[in-house]
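Listing of start13.txt; format and content: compact mmCIF, C-alpha atoms.
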# COMPACT_ATOMS: atom_id res chain seq x y z
CA MET I 1 102.01 143.94 117.05
CA HIS I 2 101.04 140.32 117.69
CA THR I 3 98.04 140.63 115.34
CA ILE I 4 100.17 142.17 112.61
CA HIS I 5 102.74 139.40 112.98
CA LYS I 6 100.08 136.70 112.67
CA ALA I 7 98.56 138.37 109.62
CA ALA I 8 101.94 138.69 107.94
CA ARG I 9 102.71 135.04 108.63
CA ALA I 10 99.38 134.00 107.10
CA VAL I 11 100.15 135.93 103.93
CA VAL I 12 103.58 134.28 103.66
CA VAL I 13 102.13 130.82 104.11
CA ILE I 14 99.40 131.45 101.52
CA LEU I 15 102.03 132.58 99.03
CA LEU I 16 104.08 129.49 99.77
CA LEU I 17 101.05 127.24 99.25
CA CYS I 18 100.48 128.91 95.89
CA HIS I 19 104.04 127.89 95.09
CA VAL I 20 103.17 124.31 96.09
CA VAL I 21 100.20 124.23 93.76
CA PHE I 22 101.31 126.31 90.81
CA ALA I 23 105.10 126.39 90.61
CA ALA I 24 106.36 122.86 90.21
CA PRO I 25 110.12 122.42 90.55
CA SER I 26 112.09 121.56 87.45
CA GLY I 27 111.70 117.87 86.70
CA LYS I 28 108.77 117.28 89.03
CA TRP I 29 106.15 114.93 87.65
CA SER I 30 102.87 116.42 86.48
CA GLU I 31 99.66 115.36 88.20
CA ARG I 32 98.76 113.38 85.09
CA GLN I 33 102.10 111.57 85.04
CA ALA I 34 101.87 110.73 88.75
CA ASN I 35 98.32 109.45 88.54
CA GLU I 36 99.05 107.40 85.42
CA TRP I 37 101.98 105.78 87.25
CA TYR I 38 99.71 104.95 90.19
CA ARG I 39 97.06 103.38 87.97
CA GLN I 40 99.69 100.88 86.86
CA GLN I 41 100.38 99.74 90.44
CA PRO I 42 98.46 97.10 92.40
CA PHE I 43 96.92 98.12 95.71
CA LEU I 44 100.16 98.64 97.59
CA VAL I 45 100.48 97.01 101.01
CA GLY I 46 103.70 96.39 102.92
CA SER I 47 105.86 97.19 105.91
CA ASN I 48 108.83 99.29 106.83
CA TYR I 49 111.45 96.59 106.62
CA ASN I 50 114.62 95.80 108.51
CA PRO I 51 115.66 92.15 109.05
CA ALA I 52 115.46 90.71 112.55
CA THR I 53 119.25 90.33 112.57
CA ALA I 54 119.96 94.08 112.17
CA ILE I 55 119.60 96.76 114.84
CA ASN I 56 119.69 99.54 112.24
CA GLU I 57 120.36 100.46 108.60
CA LEU I 58 124.13 100.10 109.00
CA GLU I 59 123.91 96.56 110.33
CA MET I 60 121.50 95.73 107.52
CA TRP I 61 123.75 97.03 104.73
CA GLN I 62 127.39 96.73 105.84
CA ALA I 63 129.29 93.87 104.21
CA ASP I 64 130.07 91.98 107.43
CA THR I 65 126.44 91.85 108.59
CA PHE I 66 124.40 91.90 105.37
CA ASP I 67 122.20 88.82 105.68
CA PRO I 68 120.58 87.81 102.36
CA LYS I 69 119.55 84.38 103.65
CA ARG I 70 117.51 85.92 106.48
CA ILE I 71 116.12 88.61 104.18
CA ASP I 72 115.02 85.96 101.68
CA LEU I 73 113.25 84.06 104.46
CA GLU I 74 111.45 87.11 105.80
CA LEU I 75 110.40 88.45 102.40
CA GLY I 76 108.87 85.04 101.79
CA TRP I 77 106.65 85.60 104.83
CA ALA I 78 105.61 88.95 103.36
CA GLU I 79 104.78 87.39 99.99
CA ASN I 80 102.73 84.69 101.70
CA ILE I 81 100.32 87.25 103.16
CA GLY I 82 100.07 89.28 99.96
CA MET I 83 102.42 92.16 100.72
CA ASN I 84 103.85 93.65 97.55
CA THR I 85 106.05 96.52 98.74
CA MET I 86 108.51 97.33 101.52
CA ARG I 87 109.91 100.67 102.67
CA VAL I 88 113.63 100.22 103.28
CA TYR I 89 116.17 102.64 104.72
CA LEU I 90 119.59 103.13 103.17
CA HIS I 91 122.44 105.13 104.80
CA ASP I 92 125.17 107.42 103.53
CA LEU I 93 128.00 105.76 105.48
CA PRO I 94 128.08 102.40 103.64
CA PHE I 95 128.40 104.38 100.41
CA LYS I 96 131.26 106.41 101.89
CA GLN I 97 133.00 103.23 103.01
CA ASP I 98 132.49 101.08 99.89
CA PRO I 99 130.33 102.53 97.08
CA GLU I 100 130.51 99.57 94.72
CA GLY I 101 130.02 97.00 97.47
CA PHE I 102 126.99 98.90 98.76
CA LYS I 103 125.44 99.05 95.30
CA ASN I 104 126.08 95.32 94.86
CA ARG I 105 124.30 94.56 98.11
CA ILE I 106 121.35 96.74 97.11
CA ASN I 107 121.22 94.82 93.84
CA THR I 108 121.16 91.53 95.74
CA PHE I 109 118.35 92.86 97.93
CA LEU I 110 116.37 93.95 94.87
CA ASP I 111 116.80 90.49 93.37
CA LEU I 112 115.37 88.98 96.54
CA CYS I 113 112.46 91.43 96.46
CA ALA I 114 111.72 90.57 92.82
CA LYS I 115 111.84 86.86 93.68
CA HIS I 116 108.99 87.52 96.13
CA ASN I 117 107.02 89.94 93.92
CA ILE I 118 107.85 92.93 96.11
CA LYS I 119 108.76 96.41 94.81
CA PRO I 120 110.43 98.40 97.60
CA MET I 121 110.53 102.12 98.27
CA LEU I 122 114.09 103.12 99.19
CA VAL I 123 114.72 105.87 101.78
CA LEU I 124 117.88 107.96 101.29
CA PHE I 125 118.04 110.19 104.39
CA ASP I 126 116.47 109.99 107.86
CA SER I 127 116.33 112.49 110.74
CA CYS I 128 115.18 109.97 113.38
CA TRP I 129 116.94 108.60 116.47
CA ASP I 130 120.71 108.58 117.17
CA PRO I 131 122.49 111.59 115.58
CA PHE I 132 125.96 110.03 115.84
CA PRO I 133 126.17 107.14 113.32
CA VAL I 134 129.50 105.32 113.08
CA SER I 135 130.50 102.64 110.58
CA GLY I 136 131.62 99.24 111.79
CA LYS I 137 130.29 96.96 114.48
CA GLN I 138 127.03 98.30 115.86
CA ARG I 139 126.11 98.26 119.54
CA GLU I 140 123.81 95.66 121.03
CA PRO I 141 120.18 96.63 121.71
CA ARG I 142 119.43 98.33 125.02
CA PRO I 143 117.35 95.84 127.01
CA GLY I 144 113.65 96.68 126.92
CA VAL I 145 113.96 99.81 124.74
CA HIS I 146 112.24 100.61 121.42
CA ASN I 147 114.60 101.18 118.46
CA SER I 148 117.61 101.76 120.68
CA GLY I 149 120.23 101.61 117.92
CA TRP I 150 118.68 103.33 114.90
CA MET I 151 120.95 105.94 113.27
CA GLN I 152 120.24 109.21 111.51
CA SER I 153 121.54 109.81 108.01
CA PRO I 154 123.27 112.17 107.73
CA GLY I 155 124.45 112.39 111.32
CA LYS I 156 124.77 115.62 113.29
CA VAL I 157 128.41 116.23 112.36
CA ALA I 158 127.79 115.88 108.63
CA LEU I 159 124.62 117.96 108.82
CA GLU I 160 126.48 120.81 110.53
CA THR I 161 129.51 120.64 108.22
CA PRO I 162 129.02 122.13 104.72
CA ALA I 163 132.29 120.49 103.63
CA GLU I 164 130.45 117.15 104.00
CA TYR I 165 127.68 118.12 101.58
CA PRO I 166 129.58 117.10 98.41
CA ARG I 167 129.90 113.62 99.93
CA LEU I 168 126.14 113.51 100.57
CA GLU I 169 125.54 114.66 97.01
CA ALA I 170 127.83 111.90 95.70
CA TYR I 171 125.85 109.37 97.73
CA VAL I 172 122.48 110.45 96.33
CA ARG I 173 123.74 110.72 92.77
CA GLY I 174 125.66 107.45 93.06
CA ILE I 175 122.80 105.34 94.44
CA VAL I 176 119.95 106.88 92.47
CA GLY I 177 122.06 106.99 89.32
CA ALA I 178 122.90 103.28 89.62
CA PHE I 179 119.23 102.29 89.89
CA ALA I 180 117.54 105.21 88.13
CA ALA I 181 115.81 103.03 85.52
CA ASP I 182 115.44 99.92 87.70
CA LYS I 183 111.88 98.61 87.49
CA ARG I 184 112.40 96.61 90.67
CA ILE I 185 112.18 99.87 92.68
CA LEU I 186 108.79 101.44 93.41
CA ALA I 187 109.88 104.93 94.49
CA TRP I 188 112.50 107.00 96.32
CA ASP I 189 111.72 108.52 99.72
CA ILE I 190 114.22 111.36 99.84
CA TRP I 191 114.12 112.21 103.56
CA ASN I 192 112.24 110.57 106.41
CA GLU I 193 110.68 112.94 108.99
CA PRO I 194 113.19 115.70 108.22
CA ASP I 195 112.10 117.95 111.09
CA ASN I 196 112.02 115.28 113.81
CA MET I 197 113.89 116.49 116.92
CA ASN I 198 113.70 113.07 118.66
CA ASP I 199 112.14 114.08 121.93
CA PRO I 200 112.84 112.62 124.46
CA ALA I 201 115.50 110.15 123.31
CA TYR I 202 118.07 112.48 121.72
CA ILE I 203 116.67 116.00 121.73
CA SER I 204 119.45 117.33 123.98
CA LEU I 205 122.04 116.20 121.40
CA GLU I 206 120.36 117.67 118.33
CA PRO I 207 121.59 120.86 116.62
CA LYS I 208 119.46 123.77 117.78
CA ASN I 209 119.07 124.80 114.12
CA LYS I 210 118.51 121.27 112.80
CA VAL I 211 115.25 122.11 111.05
CA GLU I 212 116.82 125.06 109.24
CA LEU I 213 119.81 122.95 108.16
CA VAL I 214 117.61 120.17 106.78
CA LEU I 215 115.25 122.65 105.18
CA ALA I 216 118.18 124.01 103.17
CA LEU I 217 119.41 120.53 102.17
CA LEU I 218 116.10 118.88 101.33
CA PRO I 219 115.50 120.68 98.00
CA GLN I 220 119.08 119.94 97.00
CA ALA I 221 118.60 116.24 97.74
CA PHE I 222 115.48 116.13 95.57
CA GLN I 223 117.35 117.88 92.78
CA TRP I 224 120.35 115.52 93.03
CA ALA I 225 117.97 112.56 92.65
CA ARG I 226 116.23 114.12 89.67
CA GLU I 227 119.49 115.04 87.98
CA ALA I 228 120.72 111.48 88.55
CA GLY I 229 117.93 110.42 86.20
CA ALA I 230 115.41 108.81 88.54
CA THR I 231 112.54 107.34 86.52
CA GLN I 232 110.74 106.37 89.74
CA PRO I 233 108.71 108.97 91.65
CA LEU I 234 110.20 110.96 94.55
CA THR I 235 108.52 111.80 97.85
CA SER I 236 108.98 112.95 101.45
CA ALA I 237 106.20 112.57 104.01
CA PRO I 238 104.61 115.15 106.31
CA TRP I 239 104.08 113.46 109.64
CA LYS I 240 102.74 115.92 112.25
CA GLY I 241 101.12 119.34 112.55
CA GLY I 242 97.70 120.69 111.68
CA ASP I 243 95.46 120.56 108.64
CA TRP I 244 97.63 119.74 105.61
CA SER I 245 95.01 121.21 103.27
CA ASN I 246 94.97 124.55 105.11
CA PRO I 247 97.73 126.96 103.98
CA ARG I 248 97.68 128.71 107.35
CA GLU I 249 98.64 125.51 109.16
CA LEU I 250 101.50 124.27 106.97
CA THR I 251 105.05 124.58 108.23
CA ALA I 252 107.89 125.60 105.92
CA MET I 253 109.08 121.98 105.95
CA GLU I 254 105.64 120.62 105.00
CA ILE I 255 105.35 123.17 102.20
CA THR I 256 108.73 122.09 100.87
CA GLN I 257 107.86 118.39 101.07
CA LEU I 258 104.52 118.81 99.33
CA ASN I 259 105.99 121.10 96.69
CA LEU I 260 108.83 118.74 95.77
CA SER I 261 107.05 115.37 95.91
CA ASP I 262 105.90 113.62 92.73
CA ILE I 263 103.59 111.45 94.83
CA ILE I 264 102.18 112.41 98.23
CA SER I 265 103.17 110.35 101.25
CA PHE I 266 102.31 110.78 104.92
CA HIS I 267 102.61 109.16 108.35
CA ASN I 268 99.79 108.53 110.81
CA TYR I 269 99.96 106.57 114.07
CA GLU I 270 96.53 107.60 115.33
CA ALA I 271 92.97 106.28 115.41
CA PRO I 272 91.05 105.46 112.21
CA GLU I 273 89.19 108.79 112.27
CA SER I 274 92.50 110.68 112.16
CA PHE I 275 93.84 108.39 109.42
CA GLU I 276 90.82 109.08 107.21
CA ARG I 277 90.93 112.82 107.96
CA ARG I 278 94.56 112.99 106.81
CA ILE I 279 93.71 111.25 103.55
CA LYS I 280 90.93 113.74 102.86
CA GLN I 281 93.28 116.65 103.59
CA LEU I 282 95.83 115.35 101.09
CA GLN I 283 93.32 114.73 98.33
CA VAL I 284 93.42 118.46 97.49
CA TYR I 285 96.84 117.92 95.84
CA ASN I 286 95.34 115.59 93.18
CA ARG I 287 98.21 113.13 93.34
CA PRO I 288 98.60 109.49 94.46
CA ILE I 289 98.64 109.15 98.25
CA LEU I 290 100.79 106.65 100.11
CA CYS I 291 100.79 106.18 103.88
CA THR I 292 104.40 105.17 104.49
CA GLU I 293 104.09 104.71 108.26
CA TYR I 294 101.12 103.63 110.40
CA MET I 295 100.09 100.91 112.88
CA ALA I 296 100.94 101.48 116.52
CA ARG I 297 98.51 99.26 118.38
CA GLY I 298 98.90 100.91 121.78
CA ASN I 299 98.27 104.31 120.21
CA GLY I 300 95.00 103.28 118.58
CA SER I 301 96.44 102.73 115.10
CA THR I 302 95.70 99.18 113.96
CA PHE I 303 95.45 97.08 110.82
CA GLU I 304 91.74 96.55 111.49
CA GLY I 305 91.14 100.28 111.83
CA SER I 306 93.31 101.78 109.09
CA LEU I 307 93.80 99.17 106.36
CA PRO I 308 90.16 99.01 105.20
CA ILE I 309 90.11 102.82 105.00
CA ALA I 310 93.28 102.78 102.91
CA LYS I 311 91.66 100.24 100.59
CA ARG I 312 88.49 102.33 100.26
CA TYR I 313 90.47 105.42 99.22
CA ASN I 314 93.10 103.46 97.23
CA VAL I 315 95.86 104.76 99.49
CA ALA I 316 99.00 102.63 99.79
CA ALA I 317 99.46 101.27 103.31
CA ILE I 318 102.96 100.61 104.65
CA ASN I 319 102.96 99.86 108.37
CA TRP I 320 105.89 100.27 110.72
CA GLY I 321 107.57 97.03 111.57
CA PHE I 322 107.56 93.60 110.00
CA VAL I 323 109.36 91.12 112.22
CA GLN I 324 110.40 91.13 115.88
CA GLY I 325 114.14 91.53 116.10
CA LYS I 326 117.03 93.68 117.24
CA THR I 327 115.18 96.95 116.63
CA GLN I 328 112.72 95.91 119.37
CA THR I 329 109.97 98.06 117.91
CA HIS I 330 107.37 95.66 119.27
CA LEU I 331 108.01 97.68 122.45
CA PRO I 332 106.19 101.02 122.82
CA TRP I 333 107.70 104.51 122.54
CA ASP I 334 107.42 105.02 126.30
CA SER I 335 110.08 102.32 126.81
CA TRP I 336 112.61 105.16 126.42
CA ARG I 337 111.37 106.41 129.78
CA TYR I 338 110.34 103.08 131.30
CA PRO I 339 112.28 100.15 129.74
CA TYR I 340 110.45 96.82 129.53
CA THR I 341 113.31 94.87 131.05
CA ASP I 342 111.24 92.48 133.16
CA ARG I 343 108.06 92.10 131.10
CA GLU I 344 106.54 92.05 127.64
CA PRO I 345 104.11 94.84 126.81
CA SER I 346 100.50 93.72 127.18
CA VAL I 347 100.05 94.65 123.50
CA TRP I 348 102.83 94.74 120.93
CA PHE I 349 103.33 98.23 119.57
CA HIS I 350 104.60 97.35 116.05
CA GLU I 351 105.55 94.23 114.02
CA VAL I 352 103.56 91.61 112.13
CA PHE I 353 105.61 88.46 112.82
CA ARG I 354 107.51 86.97 115.70
CA THR I 355 111.18 86.18 115.08
CA ASP I 356 110.33 82.60 114.08
CA GLY I 357 107.77 83.67 111.47
CA THR I 358 104.67 83.06 113.59
CA PRO I 359 102.12 85.86 113.16
CA TYR I 360 101.73 88.03 116.25
CA ARG I 361 97.99 88.03 115.60
CA THR I 362 96.63 85.60 113.04
CA GLN I 363 93.51 87.73 112.54
CA GLU I 364 95.77 90.56 111.33
CA THR I 365 97.61 88.48 108.75
CA GLU I 366 94.29 87.03 107.58
CA LEU I 367 92.97 90.59 107.14
CA ILE I 368 96.05 91.52 105.11
CA LYS I 369 95.56 88.43 102.95
CA ARG I 370 91.92 89.34 102.32
CA ILE I 371 92.68 93.02 101.58
CA THR I 372 95.47 92.15 99.15
CA GLY I 373 93.49 89.38 97.43
CA LYS I 374 95.92 86.71 98.57
CA ILE I 375 93.14 84.51 99.97
CA LYS I 376 91.26 84.57 96.65
CA ALA I 377 94.47 83.77 94.79
CA GLU I 378 95.16 80.82 97.10
CA ALA I 379 91.61 79.53 96.68
CA ALA I 380 91.87 79.77 92.89
CA SER I 381 95.19 77.94 92.96
CA ALA I 382 93.69 75.19 95.13
CA ARG I 383 90.79 74.79 92.70
CA ARG I 384 93.17 74.51 89.77
CA GLY I 385 95.20 71.93 91.65
CA ALA I 386 92.12 69.88 92.48
CA ALA I 387 90.91 70.01 88.88
CA LYS I 388 94.30 68.89 87.61
CA ALA I 389 94.39 66.00 90.09
CA MET I 390 90.95 64.84 89.00
CA SER I 391 91.89 65.00 85.31
CA ASN I 392 94.85 62.70 86.00

Rewrite the structure from the file as structure tokens, please.
Amino acid sequence: MHTIHKAARAVVVILLLCHVVFAAPSGKWSERQANEWYRQQPFLVGSNYNPATAINELEMWQADTFDPKRIDLELGWAENIGMNTMRVYLHDLPFKQDPEGFKNRINTFLDLCAKHNIKPMLVLFDSCWDPFPVSGKQREPRPGVHNSGWMQSPGKVALETPAEYPRLEAYVRGIVGAFAADKRILAWDIWNEPDNMNDPAYISLEPKNKVELVLALLPQAFQWAREAGATQPLTSAPWKGGDWSNPRELTAMEITQLNLSDIISFHNYEAPESFERRIKQLQVYNRPILCTEYMARGNGSTFEGSLPIAKRYNVAAINWGFVQGKTQTHLPWDSWRYPYTDREPSVWFHEVFRTDGTPYRTQETELIKRITGKIKAEAASARRGAAKAMSN
């Protein structure tokens, strides 16, 4: 019986992979369209971005705590090392509370990005961390703990309540529709790590059927974004599991993500060999590839190891963490079990800059500047300045 079950499962997965390759959803970009779009982009390098003053997406976007002055400062640091994109999380609750105000704040943020020559990818939904988001004043960070206040969107209650789905639809249609033709936006990430069960931090609080619930909603969310008129590409990133090029090893969630995405994105927090292997697996889909999360120093994922590989394969590289702040993601994942209340980690897990704008490791920011061509641009500018001074 076990052998029959395994054989039947293999057949189902193969059929599903055929659907991924041959049966594109209505409105999905063709391979040609996706690759032409990518040829028009620079080599994309950036970070997952949340300002140092915000513990989570709600504190970043709510009217009382939205901090454009700090955002402007930090995006300037990104521009100075050649970063040209940021991956930024939105949330459904600010839209529920104040749709027009939320859209206005996004517009302000996009203006600041454009000022610094940055085109962000905006994330609509997220299955990571606390499943009970609440609008209003957010809690203070737990001392010594990584990402202790990040909130899922939608939260558990909304995810388990079909009567909430029209509100989620209004959020996607409202936000994407407002910025559907906005050239300041690089792409839409529809759902971050949709099958993440948040072990060990919140797994006991998660719906037992969370994956099934999200699996039913994910195609709808893609369709809402398409029907809202998005002219930017849509994506959702596989982030775990086996060989993504092998139909027998794809989960139903991974099949759905790969089938629906205009451009292929993925996450990898492992050593350079794993990073390169993932890229090669995803090349079978013949679409642009963007790594939308990497760089966990203590886990063997580093700028020095992964960024040159990304450059070699022309894969966008967006690391987790930009500046040390209230998210505390410079602390490692194991801080959920063993909080770093009396010491700094010997090696920072994530982040590029300290809170004051000092690079955590200057050799890393110099590498980013070389990879992005920022050093050459600065040298050319200096030569022009010297020539002008001599002519005067």

Nearest to Pro339 of chain I: which of I:Arg370, I:His146, I:Lys103, I:Lys388 is it, counting all atoms listed in the file?
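Using all atoms listed in the file, the shortest distance to Pro339 of chain I belongs to I:His146.
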
Select, from I:Asn107, I:Ala379, I:Tyr285, I:Phe275, the residue with the minimum atom-to-atom distance to Ala317 of chain I, counting all atoms listed in the file.
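Closest to Ala317 of chain I of all the choices is I:Phe275.
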
Residues within 7 Å of Met253 of chain I, all atoms listed in the file, excluding chain neighbours under 3 positions, as JSON, numbers by chain:
{"I": [215, 256, 257]}

Using all atoms listed in the file, determine which residues lie at most 7 Å from Val123 of chain I, disregarding the query and same-chain residues fewer than 6 positions distant; provide the list as a compact mmCIF listing (two decimals) with C-alpha atoms, keeping the file's coordinate frame.
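Everything below was put into out-v7.txt:
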# COMPACT_ATOMS: atom_id res chain seq x y z
CA VAL I 88 113.63 100.22 103.28
CA TYR I 89 116.17 102.64 104.72
CA LEU I 90 119.59 103.13 103.17
CA TRP I 188 112.50 107.00 96.32
CA ASP I 189 111.72 108.52 99.72
CA ILE I 190 114.22 111.36 99.84
CA TRP I 191 114.12 112.21 103.56

Residue nearest Gln41 of chain I - candidates I:Cys113, I:Leu186, I:Tyr171, I:Asp67, atoms counted: all atoms listed in the file
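Checking each candidate against Gln41 of chain I, we get I:Leu186 as the closest.
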
Where's the centre, and what are the edge lengths in Å to one decimal, of a box along x, y and z enclosing all listed atoms of segment 106-120 of chain I padded 5 Å per side, as JSON?
{"center_x": 114.2, "center_y": 92.6, "center_z": 95.4, "size_x": 24.3, "size_y": 21.5, "size_z": 15.1}

Rank I:Ile203, I:Val172, I:Val211, I:Ile371 by their smallest atom-to-atom distance to Pro131 of chain I, using all atoms listed in the file, and report the top residue only.
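Ranked by minimum distance to Pro131 of chain I, first place goes to I:Ile203.
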
So that I can see what lies close to segment 232-238 of chain I, please list as an MDAnalysis selection string the residues with an atom at most 8 Å from it, counting only C-alpha atoms and leaving out residues fewer than 5 positions away in the same chain.
chainID I and resid 29 34 180:181 185:193 222 254 257:258 260:267 292

Residue nearest Val214 of chain I among I:Glu160, I:Arg248, I:Lys183, I:Asp199 (counting only C-alpha atoms)
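Residue with the minimum atom-to-atom distance to Val214 of chain I: I:Glu160.
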
Between atom CA of Ser335 of chain I and atom CA of Ala201 of chain I, measure the distance and give it in Å to one decimal.
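Answer for the atom CA of Ser335 of chain I to atom CA of Ala201 of chain I separation: 10.1 Å.
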